[in-house]
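Asks: I'm passing along upload-v4.txt; it holds compact mmCIF, N, CA and C atoms.
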# COMPACT_ATOMS: atom_id res chain seq x y z
N MET L 25 14.34 39.44 -36.39
CA MET L 25 14.40 39.16 -34.98
C MET L 25 14.46 37.64 -34.81
N THR L 26 15.43 37.22 -34.05
CA THR L 26 15.62 35.80 -33.80
C THR L 26 15.23 35.49 -32.37
N ILE L 27 14.41 34.47 -32.22
CA ILE L 27 14.02 34.04 -30.87
C ILE L 27 14.82 32.80 -30.53
N ARG L 28 15.58 32.89 -29.46
CA ARG L 28 16.39 31.75 -29.04
C ARG L 28 15.83 31.22 -27.72
N PRO L 29 15.53 29.95 -27.69
CA PRO L 29 15.00 29.39 -26.44
C PRO L 29 16.09 29.31 -25.38
N THR L 30 15.69 29.41 -24.17
CA THR L 30 16.62 29.28 -23.08
C THR L 30 16.75 27.79 -22.76
N ILE L 31 17.91 27.26 -23.02
CA ILE L 31 18.13 25.84 -22.77
C ILE L 31 18.75 25.69 -21.38
N PRO L 32 18.08 24.94 -20.50
CA PRO L 32 18.62 24.80 -19.16
C PRO L 32 19.85 23.89 -19.14
N ASN L 33 20.61 24.02 -18.09
CA ASN L 33 21.77 23.17 -17.87
C ASN L 33 21.30 21.72 -17.72
N ILE L 34 22.08 20.76 -18.19
CA ILE L 34 21.67 19.36 -18.12
C ILE L 34 21.50 18.89 -16.68
N ASP L 35 22.32 19.43 -15.75
CA ASP L 35 22.18 19.06 -14.34
C ASP L 35 20.84 19.54 -13.79
N ASP L 36 20.40 20.73 -14.22
CA ASP L 36 19.10 21.24 -13.77
C ASP L 36 17.97 20.38 -14.29
N VAL L 37 18.13 19.85 -15.49
CA VAL L 37 17.10 18.99 -16.07
C VAL L 37 16.99 17.71 -15.25
N PHE L 38 18.13 17.11 -14.88
CA PHE L 38 18.11 15.88 -14.09
C PHE L 38 17.54 16.13 -12.70
N VAL L 39 17.92 17.23 -12.07
CA VAL L 39 17.40 17.54 -10.73
C VAL L 39 15.90 17.81 -10.81
N GLY L 40 15.47 18.52 -11.85
CA GLY L 40 14.04 18.79 -12.02
C GLY L 40 13.25 17.50 -12.19
N ALA L 41 13.79 16.58 -12.98
CA ALA L 41 13.11 15.29 -13.17
C ALA L 41 13.06 14.51 -11.86
N ALA L 42 14.14 14.54 -11.10
CA ALA L 42 14.16 13.83 -9.82
C ALA L 42 13.14 14.41 -8.86
N VAL L 43 13.02 15.73 -8.84
CA VAL L 43 12.04 16.37 -7.95
C VAL L 43 10.62 16.03 -8.40
N ARG L 44 10.37 15.97 -9.70
CA ARG L 44 9.04 15.58 -10.18
C ARG L 44 8.71 14.15 -9.78
N HIS L 45 9.68 13.25 -9.90
CA HIS L 45 9.46 11.86 -9.48
C HIS L 45 9.24 11.77 -7.97
N LEU L 46 9.99 12.55 -7.23
CA LEU L 46 9.82 12.56 -5.77
C LEU L 46 8.46 13.13 -5.38
N THR L 47 8.00 14.12 -6.11
CA THR L 47 6.67 14.68 -5.85
C THR L 47 5.59 13.64 -6.12
N GLN L 48 5.75 12.87 -7.19
CA GLN L 48 4.80 11.80 -7.48
C GLN L 48 4.84 10.74 -6.39
N ALA L 49 6.02 10.40 -5.91
CA ALA L 49 6.15 9.42 -4.83
C ALA L 49 5.48 9.94 -3.56
N ARG L 50 5.67 11.23 -3.28
CA ARG L 50 5.02 11.82 -2.10
C ARG L 50 3.51 11.71 -2.20
N ASN L 51 2.96 12.01 -3.38
CA ASN L 51 1.51 11.93 -3.56
C ASN L 51 1.01 10.50 -3.41
N SER L 52 1.77 9.53 -3.94
CA SER L 52 1.38 8.13 -3.80
C SER L 52 1.44 7.68 -2.34
N LEU L 53 2.47 8.12 -1.64
CA LEU L 53 2.58 7.76 -0.22
C LEU L 53 1.45 8.38 0.60
N GLN L 54 1.06 9.60 0.25
CA GLN L 54 -0.05 10.23 0.97
C GLN L 54 -1.33 9.44 0.74
N ARG L 55 -1.53 8.98 -0.47
CA ARG L 55 -2.71 8.16 -0.76
C ARG L 55 -2.66 6.86 0.03
N ALA L 56 -1.49 6.25 0.11
CA ALA L 56 -1.35 5.01 0.87
C ALA L 56 -1.66 5.23 2.35
N VAL L 57 -1.17 6.33 2.90
CA VAL L 57 -1.44 6.64 4.31
C VAL L 57 -2.94 6.82 4.52
N LEU L 58 -3.59 7.54 3.62
CA LEU L 58 -5.03 7.76 3.75
C LEU L 58 -5.82 6.46 3.61
N CYS L 59 -5.39 5.57 2.70
CA CYS L 59 -6.06 4.28 2.55
C CYS L 59 -5.90 3.43 3.80
N PHE L 60 -4.70 3.44 4.39
CA PHE L 60 -4.50 2.72 5.65
C PHE L 60 -5.42 3.28 6.74
N ASP L 61 -5.50 4.61 6.80
CA ASP L 61 -6.36 5.24 7.81
C ASP L 61 -7.82 4.86 7.61
N ASP L 62 -8.27 4.87 6.35
CA ASP L 62 -9.65 4.51 6.06
C ASP L 62 -9.95 3.06 6.44
N ALA L 63 -8.96 2.19 6.31
CA ALA L 63 -9.15 0.79 6.65
C ALA L 63 -9.01 0.54 8.15
N GLY L 64 -8.63 1.56 8.89
CA GLY L 64 -8.51 1.42 10.34
C GLY L 64 -7.12 1.02 10.81
N TYR L 65 -6.13 1.09 9.94
CA TYR L 65 -4.77 0.73 10.30
C TYR L 65 -3.92 1.98 10.44
N GLU L 66 -2.90 1.87 11.26
CA GLU L 66 -1.93 2.95 11.37
C GLU L 66 -0.58 2.34 11.04
N HIS L 67 -0.06 2.64 9.86
CA HIS L 67 1.20 2.07 9.40
C HIS L 67 2.28 3.14 9.53
N GLU L 68 3.02 3.09 10.63
CA GLU L 68 3.99 4.14 10.96
C GLU L 68 5.11 4.29 9.92
N PRO L 69 5.68 3.20 9.37
CA PRO L 69 6.75 3.39 8.37
C PRO L 69 6.28 4.16 7.13
N THR L 70 5.05 3.92 6.68
CA THR L 70 4.54 4.65 5.52
C THR L 70 4.36 6.12 5.85
N THR L 71 3.89 6.40 7.05
CA THR L 71 3.71 7.79 7.48
C THR L 71 5.05 8.51 7.55
N ARG L 72 6.07 7.84 8.09
CA ARG L 72 7.40 8.46 8.16
C ARG L 72 7.99 8.68 6.76
N LEU L 73 7.78 7.71 5.87
CA LEU L 73 8.26 7.87 4.50
C LEU L 73 7.61 9.07 3.82
N TYR L 74 6.30 9.20 4.00
CA TYR L 74 5.59 10.34 3.41
C TYR L 74 6.14 11.65 3.97
N SER L 75 6.37 11.69 5.28
CA SER L 75 6.89 12.90 5.91
C SER L 75 8.26 13.26 5.36
N PHE L 76 9.12 12.24 5.20
CA PHE L 76 10.46 12.50 4.68
C PHE L 76 10.40 12.99 3.23
N ALA L 77 9.60 12.34 2.40
CA ALA L 77 9.50 12.75 0.99
C ALA L 77 8.93 14.16 0.89
N ALA L 78 7.93 14.48 1.71
CA ALA L 78 7.36 15.83 1.69
C ALA L 78 8.39 16.85 2.13
N GLY L 79 9.24 16.49 3.08
CA GLY L 79 10.29 17.40 3.54
C GLY L 79 11.31 17.70 2.47
N VAL L 80 11.73 16.68 1.72
CA VAL L 80 12.71 16.88 0.66
C VAL L 80 12.12 17.74 -0.45
N VAL L 81 10.87 17.48 -0.81
CA VAL L 81 10.21 18.28 -1.85
C VAL L 81 10.09 19.73 -1.39
N SER L 82 9.76 19.95 -0.12
CA SER L 82 9.62 21.33 0.37
C SER L 82 10.96 22.06 0.37
N GLU L 83 12.05 21.35 0.64
CA GLU L 83 13.36 22.00 0.59
C GLU L 83 13.71 22.44 -0.83
N PHE L 84 13.38 21.60 -1.83
CA PHE L 84 13.64 22.00 -3.21
C PHE L 84 12.73 23.14 -3.63
N ALA L 85 11.59 23.31 -2.97
CA ALA L 85 10.68 24.41 -3.28
C ALA L 85 11.07 25.68 -2.54
N GLY L 86 12.12 25.61 -1.71
CA GLY L 86 12.60 26.80 -1.01
C GLY L 86 11.94 27.04 0.33
N ARG L 87 11.26 26.02 0.86
CA ARG L 87 10.63 26.16 2.18
C ARG L 87 11.41 25.31 3.18
N GLN L 88 11.25 25.64 4.44
CA GLN L 88 11.92 24.86 5.47
C GLN L 88 11.20 23.54 5.65
N TRP L 89 11.97 22.47 5.84
CA TRP L 89 11.38 21.16 6.04
C TRP L 89 10.70 21.09 7.39
N ARG L 90 11.44 21.35 8.41
CA ARG L 90 10.89 21.35 9.76
C ARG L 90 11.13 22.75 10.34
N PRO L 91 10.11 23.58 10.27
CA PRO L 91 10.30 24.95 10.75
C PRO L 91 10.68 24.97 12.23
N VAL L 92 11.61 25.83 12.54
CA VAL L 92 12.07 25.97 13.92
C VAL L 92 11.12 26.92 14.63
N PRO L 93 10.53 26.47 15.76
CA PRO L 93 9.63 27.37 16.46
C PRO L 93 10.40 28.56 17.04
N PRO L 94 9.77 29.70 17.08
CA PRO L 94 10.47 30.86 17.62
C PRO L 94 10.77 30.66 19.10
N ALA L 95 11.90 31.20 19.52
CA ALA L 95 12.30 31.07 20.92
C ALA L 95 11.35 31.87 21.81
N VAL L 96 11.06 31.31 22.97
CA VAL L 96 10.20 32.01 23.93
C VAL L 96 11.07 33.06 24.63
N PRO L 97 10.63 34.30 24.65
CA PRO L 97 11.42 35.34 25.32
C PRO L 97 11.62 35.00 26.80
N SER L 98 12.76 35.40 27.33
CA SER L 98 13.11 35.07 28.71
C SER L 98 12.15 35.72 29.71
N TYR L 99 11.56 36.85 29.33
CA TYR L 99 10.68 37.51 30.29
C TYR L 99 9.40 36.71 30.53
N PHE L 100 9.04 35.79 29.63
CA PHE L 100 7.89 34.92 29.89
C PHE L 100 8.18 34.04 31.09
N GLY L 101 9.35 33.43 31.10
CA GLY L 101 9.73 32.57 32.23
C GLY L 101 9.85 33.34 33.52
N GLU L 102 10.43 34.53 33.42
CA GLU L 102 10.57 35.36 34.62
C GLU L 102 9.20 35.77 35.16
N ALA L 103 8.28 36.13 34.29
CA ALA L 103 6.93 36.52 34.73
C ALA L 103 6.20 35.32 35.33
N ALA L 104 6.37 34.13 34.75
CA ALA L 104 5.72 32.94 35.30
C ALA L 104 6.27 32.63 36.68
N ALA L 105 7.59 32.73 36.85
CA ALA L 105 8.20 32.46 38.15
C ALA L 105 7.71 33.49 39.19
N GLU L 106 7.62 34.73 38.78
CA GLU L 106 7.15 35.77 39.71
C GLU L 106 5.69 35.53 40.10
N TRP L 107 4.86 35.16 39.13
CA TRP L 107 3.45 34.89 39.42
C TRP L 107 3.32 33.71 40.37
N ARG L 108 4.11 32.66 40.15
CA ARG L 108 4.06 31.51 41.05
C ARG L 108 4.50 31.88 42.46
N ARG L 109 5.50 32.73 42.56
CA ARG L 109 5.96 33.16 43.88
C ARG L 109 4.88 33.99 44.58
N GLN L 110 4.24 34.89 43.83
CA GLN L 110 3.21 35.73 44.43
C GLN L 110 1.97 34.91 44.79
N ALA L 111 1.63 33.93 43.99
CA ALA L 111 0.46 33.11 44.26
C ALA L 111 0.77 31.97 45.22
N ARG L 112 2.03 31.91 45.66
CA ARG L 112 2.51 30.86 46.59
C ARG L 112 2.25 29.47 46.03
N ARG L 113 2.61 29.32 44.78
CA ARG L 113 2.51 28.00 44.12
C ARG L 113 3.91 27.50 43.85
N SER L 114 4.06 26.21 43.85
CA SER L 114 5.35 25.63 43.54
C SER L 114 5.15 24.51 42.53
N TYR L 115 6.24 24.05 42.03
CA TYR L 115 6.18 22.99 41.02
C TYR L 115 5.97 21.67 41.69
For this file, write the structure as structure tokens.
Replies:
Amino acid sequence: MTIRPTIPNIDDVFVGAAVRHLTQARNSLQRAVLCFDDAGYEHEPTTRLYSFAAGVVSEFAGRQWRPVPPAVPSYFGEAAAEWRRQARRSY
């Protein structure tokens, strides 16, 4: 019986390495954001960078970066309008 290892495609190896580096960058950015917070500073560019890096890593993990909220059914709006009319309230 011969055991042959599964050798991945070279492109997959490069993409995997890039994702690992990006994951490390995300972790470092999260630490930087927390250190700024602990010191009493709010550094918006670092926060945005962390958010972007986390989004790219989540896409490679098969999750949505920015989940789309579910649409509100139209009958919610109709019921609110009817309640306002019955309660004699206006905007």
Asks: To one decimal place, how far is atom C of L:Ala56 from atom CA of L:Ser75 in Å?
Replies: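 Between these atoms lies a distance of 12.0 Å.
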Asks: Box for stretch 38-43 of chain L - axis-aligned, 5 Å on each of the six sides, all listed atoms - centre and size in Å to one decimal, as JSON.
Replies:
{"center_x": 14.4, "center_y": 16.3, "center_z": -11.4, "size_x": 17.5, "size_y": 15.0, "size_z": 16.9}
Asks: DSSP on the backbone: what in chain L comes out alpha helix (DSSP H), as a ChimeraX atom specification?
Replies: /L:34-63,68-84,98-110
Asks: From the list L:Val92, L:Ala85, L:Leu53, L:Val37, which residue is nearest L:Thr70 when using only N, CA and C atoms?
Replies: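 The shortest atom-to-atom distance to L:Thr70 comes from L:Leu53.
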Asks: Would you mind reading off the distance between atom CA of L:Pro93 and atom CA of L:Tyr74, one decimal, in Å?
Replies: 21.8 Å
Asks: What does the distance between atom CA of L:Phe76 and atom CA of L:Ala63 come to in Å, to one decimal place?
Replies: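 About the pair atom CA of L:Phe76 and atom CA of L:Ala63: they are 22.9 Å apart.
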Asks: What's around stretch 39-51 of chain L at 6 Å? Count all atoms listed in the file, leave out sequence neighbours fewer than 4 positions away in its own chain, and write the answer as a ChimeraX atom specification.
Replies: /L:35,55,74,77-78
